[in-house]
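> So here's entry-v5.cif (mmCIF, N, CA and C atoms and all ligand atoms).
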data_coords
#
loop_
_atom_site.label_atom_id
_atom_site.label_comp_id
_atom_site.auth_asym_id
_atom_site.auth_seq_id
_atom_site.Cartn_x
_atom_site.Cartn_y
_atom_site.Cartn_z
N MET A 1 27.64 8.82 -14.51
CA MET A 1 29.09 8.92 -14.39
C MET A 1 29.43 9.46 -13.00
N SER A 2 30.36 8.81 -12.32
CA SER A 2 30.76 9.29 -10.99
C SER A 2 31.55 10.58 -11.12
N GLN A 3 31.65 11.29 -10.01
CA GLN A 3 32.41 12.55 -10.05
C GLN A 3 33.87 12.31 -10.41
N THR A 4 34.41 11.21 -9.91
CA THR A 4 35.82 10.90 -10.21
C THR A 4 36.01 10.66 -11.71
N ASN A 5 35.10 9.84 -12.28
CA ASN A 5 35.21 9.57 -13.72
C ASN A 5 35.01 10.84 -14.55
N GLU A 6 34.06 11.68 -14.10
CA GLU A 6 33.81 12.93 -14.84
C GLU A 6 35.04 13.84 -14.79
N ALA A 7 35.66 13.90 -13.63
CA ALA A 7 36.88 14.72 -13.50
C ALA A 7 37.99 14.19 -14.39
N GLN A 8 38.11 12.86 -14.45
CA GLN A 8 39.15 12.27 -15.31
C GLN A 8 38.86 12.57 -16.78
N THR A 9 37.57 12.48 -17.16
CA THR A 9 37.19 12.74 -18.55
C THR A 9 37.49 14.19 -18.91
N ASN A 10 37.11 15.12 -18.01
CA ASN A 10 37.39 16.54 -18.27
C ASN A 10 38.89 16.79 -18.37
N SER A 11 39.65 16.16 -17.50
CA SER A 11 41.10 16.32 -17.52
C SER A 11 41.67 15.83 -18.85
N ARG A 12 41.15 14.68 -19.32
CA ARG A 12 41.62 14.12 -20.59
C ARG A 12 41.25 15.05 -21.75
N ARG A 13 40.02 15.62 -21.70
CA ARG A 13 39.61 16.55 -22.75
C ARG A 13 40.55 17.75 -22.81
N LEU A 14 40.87 18.28 -21.63
CA LEU A 14 41.76 19.44 -21.59
C LEU A 14 43.13 19.08 -22.15
N PHE A 15 43.61 17.88 -21.78
CA PHE A 15 44.91 17.45 -22.29
C PHE A 15 44.88 17.34 -23.81
N LEU A 16 43.83 16.69 -24.34
CA LEU A 16 43.73 16.52 -25.80
C LEU A 16 43.61 17.87 -26.49
N LYS A 17 42.83 18.79 -25.89
CA LYS A 17 42.68 20.12 -26.49
C LYS A 17 44.04 20.80 -26.58
N GLY A 18 44.83 20.70 -25.52
CA GLY A 18 46.16 21.29 -25.51
C GLY A 18 47.08 20.65 -26.53
N ALA A 19 46.99 19.32 -26.62
CA ALA A 19 47.85 18.59 -27.56
C ALA A 19 47.50 18.96 -28.99
N LEU A 20 46.20 19.08 -29.28
CA LEU A 20 45.78 19.44 -30.63
C LEU A 20 46.21 20.86 -30.98
N SER A 21 46.13 21.76 -30.00
CA SER A 21 46.58 23.13 -30.25
C SER A 21 48.06 23.15 -30.59
N THR A 22 48.85 22.37 -29.87
CA THR A 22 50.29 22.29 -30.12
C THR A 22 50.55 21.74 -31.52
N ALA A 23 49.80 20.69 -31.89
CA ALA A 23 49.97 20.10 -33.22
C ALA A 23 49.61 21.10 -34.30
N ALA A 24 48.56 21.88 -34.09
CA ALA A 24 48.14 22.86 -35.10
C ALA A 24 49.21 23.92 -35.27
N VAL A 25 49.81 24.36 -34.18
CA VAL A 25 50.88 25.36 -34.26
C VAL A 25 52.07 24.78 -35.02
N ALA A 26 52.43 23.54 -34.71
CA ALA A 26 53.57 22.91 -35.39
C ALA A 26 53.29 22.78 -36.88
N ALA A 27 52.07 22.38 -37.23
CA ALA A 27 51.73 22.22 -38.65
C ALA A 27 51.78 23.57 -39.36
N THR A 28 51.29 24.61 -38.72
CA THR A 28 51.30 25.94 -39.31
C THR A 28 52.72 26.43 -39.51
N ALA A 29 53.57 26.14 -38.52
CA ALA A 29 54.95 26.63 -38.58
C ALA A 29 55.70 26.01 -39.75
N THR A 30 55.35 24.78 -40.13
CA THR A 30 56.10 24.13 -41.19
C THR A 30 55.42 24.23 -42.55
N ALA A 31 54.19 24.70 -42.59
CA ALA A 31 53.49 24.76 -43.87
C ALA A 31 54.24 25.66 -44.84
N GLY A 32 54.45 25.17 -46.03
CA GLY A 32 55.12 25.97 -47.05
C GLY A 32 56.62 26.03 -46.89
N ASN A 33 57.13 25.46 -45.85
CA ASN A 33 58.57 25.46 -45.62
C ASN A 33 58.91 24.20 -44.85
N VAL A 34 59.10 23.13 -45.61
CA VAL A 34 59.22 21.81 -45.01
C VAL A 34 60.34 21.75 -43.99
N PHE A 35 61.49 22.27 -44.35
CA PHE A 35 62.63 22.27 -43.44
C PHE A 35 63.21 23.67 -43.41
N ALA A 36 62.91 24.42 -42.40
CA ALA A 36 63.49 25.75 -42.28
C ALA A 36 64.87 25.60 -41.65
N SER A 37 65.90 25.78 -42.46
CA SER A 37 67.26 25.52 -41.97
C SER A 37 67.65 26.45 -40.84
N SER A 38 67.02 27.62 -40.78
CA SER A 38 67.36 28.53 -39.70
C SER A 38 66.43 28.37 -38.51
N ASN A 39 65.58 27.36 -38.56
CA ASN A 39 64.61 27.13 -37.50
C ASN A 39 65.31 26.59 -36.26
N THR A 40 65.46 27.42 -35.26
CA THR A 40 66.18 26.99 -34.06
C THR A 40 65.41 25.93 -33.28
N ALA A 41 64.11 25.76 -33.59
CA ALA A 41 63.35 24.70 -32.92
C ALA A 41 63.89 23.32 -33.30
N MET A 42 64.65 23.25 -34.39
CA MET A 42 65.22 21.99 -34.83
C MET A 42 66.62 21.76 -34.26
N THR A 43 67.10 22.67 -33.43
CA THR A 43 68.41 22.52 -32.82
C THR A 43 68.49 21.19 -32.08
N GLY A 44 69.55 20.46 -32.35
CA GLY A 44 69.72 19.17 -31.69
C GLY A 44 69.02 18.04 -32.41
N ILE A 45 68.29 18.38 -33.49
CA ILE A 45 67.58 17.35 -34.26
C ILE A 45 68.09 17.34 -35.69
N ILE A 46 68.07 18.52 -36.31
CA ILE A 46 68.56 18.68 -37.67
C ILE A 46 69.69 19.70 -37.64
N TYR A 47 70.86 19.32 -38.15
CA TYR A 47 72.02 20.21 -38.17
C TYR A 47 72.19 20.80 -39.56
N THR A 48 72.48 22.10 -39.59
CA THR A 48 72.68 22.80 -40.86
C THR A 48 73.94 23.66 -40.76
N LYS A 49 74.34 24.23 -41.90
CA LYS A 49 75.48 25.14 -41.91
C LYS A 49 75.22 26.32 -40.97
N GLU A 50 74.00 26.84 -41.01
CA GLU A 50 73.65 28.00 -40.19
C GLU A 50 73.40 27.63 -38.74
N ASN A 51 73.06 26.40 -38.49
CA ASN A 51 72.68 25.98 -37.14
C ASN A 51 73.28 24.61 -36.82
N PRO A 52 74.64 24.56 -36.69
CA PRO A 52 75.31 23.27 -36.47
C PRO A 52 75.29 22.78 -35.03
N GLY A 53 74.75 23.59 -34.13
CA GLY A 53 74.62 23.17 -32.73
C GLY A 53 75.91 22.63 -32.16
N LYS A 54 75.82 21.49 -31.50
CA LYS A 54 77.00 20.92 -30.83
C LYS A 54 78.05 20.41 -31.81
N TRP A 55 77.69 20.32 -33.09
CA TRP A 55 78.64 19.82 -34.09
C TRP A 55 79.24 20.96 -34.92
N ALA A 56 79.42 22.11 -34.33
CA ALA A 56 79.94 23.28 -35.05
C ALA A 56 81.28 23.01 -35.73
N LYS A 57 82.09 22.14 -35.16
CA LYS A 57 83.40 21.83 -35.76
C LYS A 57 83.31 20.71 -36.80
N LYS A 58 82.12 20.22 -37.05
CA LYS A 58 81.94 19.08 -37.96
C LYS A 58 81.23 19.44 -39.25
N VAL A 59 80.98 20.71 -39.48
CA VAL A 59 80.18 21.12 -40.63
C VAL A 59 80.79 20.62 -41.94
N GLY A 60 82.10 20.86 -42.13
CA GLY A 60 82.75 20.53 -43.40
C GLY A 60 82.64 19.08 -43.79
N GLY A 61 82.67 18.20 -42.84
CA GLY A 61 82.63 16.76 -43.13
C GLY A 61 81.23 16.16 -43.11
N HIS A 62 80.23 16.98 -42.84
CA HIS A 62 78.89 16.41 -42.68
C HIS A 62 77.79 17.09 -43.49
N LEU A 63 78.00 18.37 -43.81
CA LEU A 63 76.97 19.06 -44.60
C LEU A 63 77.00 18.51 -46.02
N PRO A 64 75.89 17.96 -46.51
CA PRO A 64 75.92 17.43 -47.88
C PRO A 64 76.03 18.56 -48.91
N SER A 65 76.84 18.33 -49.95
CA SER A 65 76.90 19.30 -51.05
C SER A 65 75.91 18.86 -52.12
N ILE A 66 75.33 19.84 -52.78
CA ILE A 66 74.34 19.58 -53.82
C ILE A 66 74.90 20.16 -55.11
N LYS A 67 75.11 19.30 -56.11
CA LYS A 67 75.57 19.76 -57.42
C LYS A 67 74.47 19.47 -58.43
N LEU A 68 74.12 20.52 -59.19
CA LEU A 68 73.08 20.39 -60.20
C LEU A 68 73.69 20.45 -61.59
N ASP A 69 73.21 19.58 -62.47
CA ASP A 69 73.61 19.61 -63.88
C ASP A 69 72.35 19.30 -64.68
N GLY A 70 71.64 20.35 -65.06
CA GLY A 70 70.32 20.13 -65.69
C GLY A 70 69.40 19.51 -64.66
N ASN A 71 68.82 18.36 -65.02
CA ASN A 71 67.93 17.69 -64.06
C ASN A 71 68.65 16.59 -63.28
N LYS A 72 69.99 16.55 -63.40
CA LYS A 72 70.78 15.57 -62.64
C LYS A 72 71.30 16.21 -61.35
N VAL A 73 71.22 15.47 -60.29
CA VAL A 73 71.65 15.96 -58.98
C VAL A 73 72.67 14.98 -58.40
N THR A 74 73.77 15.54 -57.90
CA THR A 74 74.75 14.73 -57.19
C THR A 74 74.86 15.25 -55.76
N ILE A 75 74.69 14.37 -54.82
CA ILE A 75 74.85 14.71 -53.41
C ILE A 75 76.12 14.03 -52.92
N GLU A 76 76.96 14.81 -52.25
CA GLU A 76 78.20 14.24 -51.72
C GLU A 76 78.41 14.74 -50.30
N THR A 77 78.84 13.85 -49.45
CA THR A 77 79.27 14.24 -48.10
C THR A 77 80.75 13.92 -48.01
N ASP A 78 81.54 14.94 -47.73
CA ASP A 78 83.00 14.81 -47.68
C ASP A 78 83.41 14.20 -46.34
N HIS A 79 83.19 12.91 -46.22
CA HIS A 79 83.33 12.22 -44.93
C HIS A 79 83.98 10.86 -45.18
N GLY A 80 84.86 10.45 -44.34
CA GLY A 80 85.46 9.13 -44.46
C GLY A 80 84.41 8.05 -44.23
N MET A 81 84.76 6.84 -44.72
CA MET A 81 83.83 5.73 -44.57
C MET A 81 84.59 4.56 -43.93
N SER A 82 84.25 4.21 -42.70
CA SER A 82 84.82 3.04 -42.03
C SER A 82 83.69 2.32 -41.30
N LYS A 83 83.97 1.10 -40.88
CA LYS A 83 82.90 0.32 -40.22
C LYS A 83 82.38 1.00 -38.97
N LYS A 84 83.24 1.74 -38.28
CA LYS A 84 82.82 2.38 -37.04
C LYS A 84 82.19 3.76 -37.24
N HIS A 85 82.50 4.40 -38.38
CA HIS A 85 82.08 5.78 -38.55
C HIS A 85 81.87 6.04 -40.03
N PHE A 86 80.62 6.22 -40.40
CA PHE A 86 80.34 6.40 -41.82
C PHE A 86 79.02 7.12 -42.05
N ILE A 87 78.85 7.57 -43.30
CA ILE A 87 77.59 8.17 -43.71
C ILE A 87 76.62 7.03 -44.06
N VAL A 88 75.49 7.06 -43.41
CA VAL A 88 74.53 5.97 -43.53
C VAL A 88 73.59 6.16 -44.72
N ARG A 89 73.24 7.44 -44.98
CA ARG A 89 72.14 7.63 -45.94
C ARG A 89 72.08 9.05 -46.46
N HIS A 90 71.66 9.18 -47.70
CA HIS A 90 71.31 10.47 -48.32
C HIS A 90 69.85 10.41 -48.76
N THR A 91 69.22 11.57 -48.75
CA THR A 91 67.92 11.71 -49.43
C THR A 91 67.89 13.06 -50.11
N ILE A 92 67.06 13.17 -51.15
CA ILE A 92 66.70 14.48 -51.67
C ILE A 92 65.19 14.60 -51.55
N VAL A 93 64.75 15.81 -51.17
CA VAL A 93 63.35 16.04 -50.84
C VAL A 93 62.90 17.33 -51.53
N SER A 94 61.72 17.28 -52.10
CA SER A 94 61.18 18.46 -52.80
C SER A 94 60.72 19.52 -51.80
N GLU A 95 60.45 20.70 -52.32
CA GLU A 95 59.93 21.79 -51.50
C GLU A 95 58.61 21.40 -50.83
N GLN A 96 57.88 20.50 -51.47
CA GLN A 96 56.59 20.06 -50.93
C GLN A 96 56.74 18.90 -49.94
N GLY A 97 57.97 18.46 -49.71
CA GLY A 97 58.20 17.39 -48.74
C GLY A 97 58.18 16.00 -49.33
N GLU A 98 58.18 15.89 -50.66
CA GLU A 98 58.19 14.58 -51.29
C GLU A 98 59.63 14.08 -51.40
N VAL A 99 59.86 12.86 -50.96
CA VAL A 99 61.19 12.27 -51.10
C VAL A 99 61.37 11.88 -52.57
N LEU A 100 62.31 12.55 -53.23
CA LEU A 100 62.52 12.34 -54.67
C LEU A 100 63.57 11.27 -54.93
N GLY A 101 64.38 10.98 -53.92
CA GLY A 101 65.41 9.96 -54.09
C GLY A 101 66.07 9.67 -52.77
N GLU A 102 66.63 8.48 -52.65
CA GLU A 102 67.29 8.08 -51.41
C GLU A 102 68.33 7.03 -51.71
N LYS A 103 69.35 7.03 -50.88
CA LYS A 103 70.44 6.05 -51.07
C LYS A 103 70.98 5.70 -49.69
N THR A 104 71.02 4.41 -49.41
CA THR A 104 71.58 3.92 -48.15
C THR A 104 72.96 3.36 -48.44
N PHE A 105 73.93 3.70 -47.61
CA PHE A 105 75.33 3.31 -47.83
C PHE A 105 75.76 2.23 -46.84
N THR A 106 76.79 1.51 -47.24
CA THR A 106 77.51 0.65 -46.31
C THR A 106 78.88 1.31 -46.10
N PRO A 107 79.64 0.88 -45.10
CA PRO A 107 80.96 1.49 -44.89
C PRO A 107 81.90 1.31 -46.07
N ASP A 108 81.60 0.38 -46.97
CA ASP A 108 82.45 0.15 -48.15
C ASP A 108 82.14 1.11 -49.30
N ASP A 109 81.05 1.84 -49.19
CA ASP A 109 80.66 2.79 -50.25
C ASP A 109 81.37 4.13 -50.06
N GLU A 110 81.25 4.98 -51.10
CA GLU A 110 81.58 6.40 -50.97
C GLU A 110 80.28 7.14 -50.69
N ALA A 111 80.36 8.24 -49.98
CA ALA A 111 79.14 8.98 -49.62
C ALA A 111 78.75 9.93 -50.74
N ILE A 112 78.48 9.34 -51.91
CA ILE A 112 78.05 10.08 -53.09
C ILE A 112 76.80 9.40 -53.65
N SER A 113 75.82 10.19 -54.02
CA SER A 113 74.62 9.61 -54.61
C SER A 113 74.15 10.49 -55.77
N HIS A 114 73.47 9.86 -56.71
CA HIS A 114 73.04 10.53 -57.94
C HIS A 114 71.54 10.34 -58.14
N TYR A 115 70.92 11.39 -58.62
CA TYR A 115 69.47 11.38 -58.81
C TYR A 115 69.09 12.13 -60.08
N THR A 116 67.89 11.88 -60.53
CA THR A 116 67.31 12.64 -61.64
C THR A 116 66.03 13.30 -61.14
N LEU A 117 65.95 14.60 -61.30
CA LEU A 117 64.76 15.33 -60.86
C LEU A 117 63.60 15.08 -61.81
N PRO A 118 62.37 15.22 -61.30
CA PRO A 118 61.21 15.15 -62.20
C PRO A 118 61.33 16.23 -63.27
N ALA A 119 60.76 15.97 -64.43
CA ALA A 119 60.82 16.94 -65.54
C ALA A 119 60.28 18.29 -65.10
N ASN A 120 61.00 19.33 -65.47
CA ASN A 120 60.59 20.72 -65.19
C ASN A 120 60.49 21.06 -63.71
N TYR A 121 61.21 20.32 -62.87
CA TYR A 121 61.15 20.62 -61.43
C TYR A 121 61.72 22.01 -61.18
N LYS A 122 60.98 22.81 -60.42
CA LYS A 122 61.43 24.12 -59.98
C LYS A 122 61.09 24.27 -58.50
N GLY A 123 61.97 24.95 -57.79
CA GLY A 123 61.69 25.19 -56.38
C GLY A 123 62.89 24.82 -55.54
N LYS A 124 62.67 24.82 -54.23
CA LYS A 124 63.75 24.44 -53.33
C LYS A 124 63.97 22.94 -53.42
N LEU A 125 65.20 22.57 -53.19
CA LEU A 125 65.55 21.16 -53.14
C LEU A 125 66.37 20.95 -51.87
N TYR A 126 66.00 19.96 -51.10
CA TYR A 126 66.68 19.66 -49.84
C TYR A 126 67.48 18.38 -49.98
N ALA A 127 68.65 18.36 -49.37
CA ALA A 127 69.47 17.15 -49.32
C ALA A 127 69.76 16.85 -47.86
N THR A 128 69.64 15.58 -47.50
CA THR A 128 69.97 15.17 -46.14
C THR A 128 71.11 14.16 -46.17
N SER A 129 71.87 14.17 -45.09
CA SER A 129 72.98 13.23 -44.94
C SER A 129 73.02 12.84 -43.47
N PHE A 130 73.05 11.54 -43.23
CA PHE A 130 73.03 11.06 -41.85
C PHE A 130 74.33 10.33 -41.53
N CYS A 131 75.04 10.82 -40.52
CA CYS A 131 76.27 10.18 -40.04
C CYS A 131 75.91 9.33 -38.81
N ASN A 132 76.50 8.15 -38.73
CA ASN A 132 76.16 7.29 -37.60
C ASN A 132 76.67 7.83 -36.26
N LYS A 133 77.59 8.81 -36.30
CA LYS A 133 78.07 9.40 -35.04
C LYS A 133 77.69 10.87 -34.87
N HIS A 134 77.45 11.55 -35.99
CA HIS A 134 77.25 13.00 -35.92
C HIS A 134 75.91 13.45 -36.49
N ASP A 135 74.96 12.54 -36.47
CA ASP A 135 73.55 12.90 -36.64
C ASP A 135 73.14 13.34 -38.05
N PHE A 136 72.04 14.07 -38.09
CA PHE A 136 71.28 14.31 -39.32
C PHE A 136 71.50 15.72 -39.82
N TRP A 137 72.00 15.86 -41.06
CA TRP A 137 72.38 17.14 -41.63
C TRP A 137 71.51 17.48 -42.83
N LEU A 138 71.29 18.76 -42.99
CA LEU A 138 70.40 19.24 -44.05
C LEU A 138 71.03 20.40 -44.80
N ALA A 139 70.98 20.34 -46.12
CA ALA A 139 71.38 21.47 -46.97
C ALA A 139 70.26 21.73 -47.96
N GLU A 140 70.22 22.92 -48.50
CA GLU A 140 69.17 23.22 -49.47
C GLU A 140 69.72 24.09 -50.59
N THR A 141 69.04 24.03 -51.72
CA THR A 141 69.38 24.88 -52.85
C THR A 141 68.10 25.20 -53.61
N ASN A 142 68.21 26.07 -54.56
CA ASN A 142 67.08 26.37 -55.44
C ASN A 142 67.35 25.80 -56.82
N VAL A 143 66.35 25.19 -57.39
CA VAL A 143 66.47 24.63 -58.73
C VAL A 143 65.74 25.53 -59.70
FE FE B 1 80.73 11.79 -38.72
#
What does this structure look like when you write it as structure tokens?

Amino acid sequence: MSQTNEAQTNSRRLFLKGALSTAAVAATATAGNVFASSNTAMTGIIYTKENPGKWAKKVGGHLPSIKLDGNKVTIETDHGMSKKHFIVRHTIVSEQGEVLGEKTFTPDDEAISHYTLPANYKGKLYATSFCNKHDFWLAETNV
């Protein structure tokens, strides 16, 4: 191996080592807490009531509400629906990060979705709501 190739290989190894260290830190930070709503590292990516970032004036119309009735869940986003500006999608996600339900909307729909939890589900439940203009919002509750 020439000195140039060896230097490139060592440089690549160092880069990969650094990248893997970063990935390990990220994985550790999220273990056991799939979406930390107060996690400021998610600023500008995931908007929450506690961390609405640049959309601080948009919380009321974008934060999904979670209503529980036994094992039935209703997610609603109090947002208008028009062709230019609407809620695109809801999901509910378990504490372990499993997507338990999802609903994609058209501008003709209402931003309401209904789900049934797995039998005896206990733990945190996350709801997401995505607006085509005001990004990705997250709310959570305990079941
Ligand atoms: Fe919006």
> Quick one: of A:Met42, A:Leu138, A:Val143, A:Ile87, who's nearest to ligand FE 1 (chain B), counting all atoms listed in the file?
A:Ile87
> Just want the residues within 8 Å of ligand FE 1 (chain B), written as a list in words, counting all atoms listed in the file.
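If we count all atoms listed in the file, the neighbours of ligand FE 1 (chain B) turn out to be Lys58, Gly61, His62, His79, Gly80, His85, Phe86, Ile87, Phe130, Cys131, Asn132, Lys133, His134 and Asp135 of chain A.
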> Closest to Asn120 (chain A) among A:Ser65, A:Ser82, A:Thr48, A:Asn71, using only C-alpha atoms?
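For Asn120 (chain A), the nearest of the candidates is A:Asn71.
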> If we draw a sphere of 10 Å around (72.1, 20.8, -51.1), which residues have at least one atom in it when counting only C-alpha atoms? Please report them as a list in words.
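Residues found, by chain and rising number: Leu63, Pro64, Ser65, Ile66, Lys67, Leu68, Val73, Thr74, Ile75, Glu76, Ile92, Val93, Lys124, Leu125, Tyr126, Ala127, Thr128, Ser129, Leu138, Ala139, Glu140, Thr141 and Asn142 of chain A.
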> What is the atom C of Lys72 (chain A)-CA of Asp109 (chain A) distance in Å, reported with one decimal?
19.8 Å
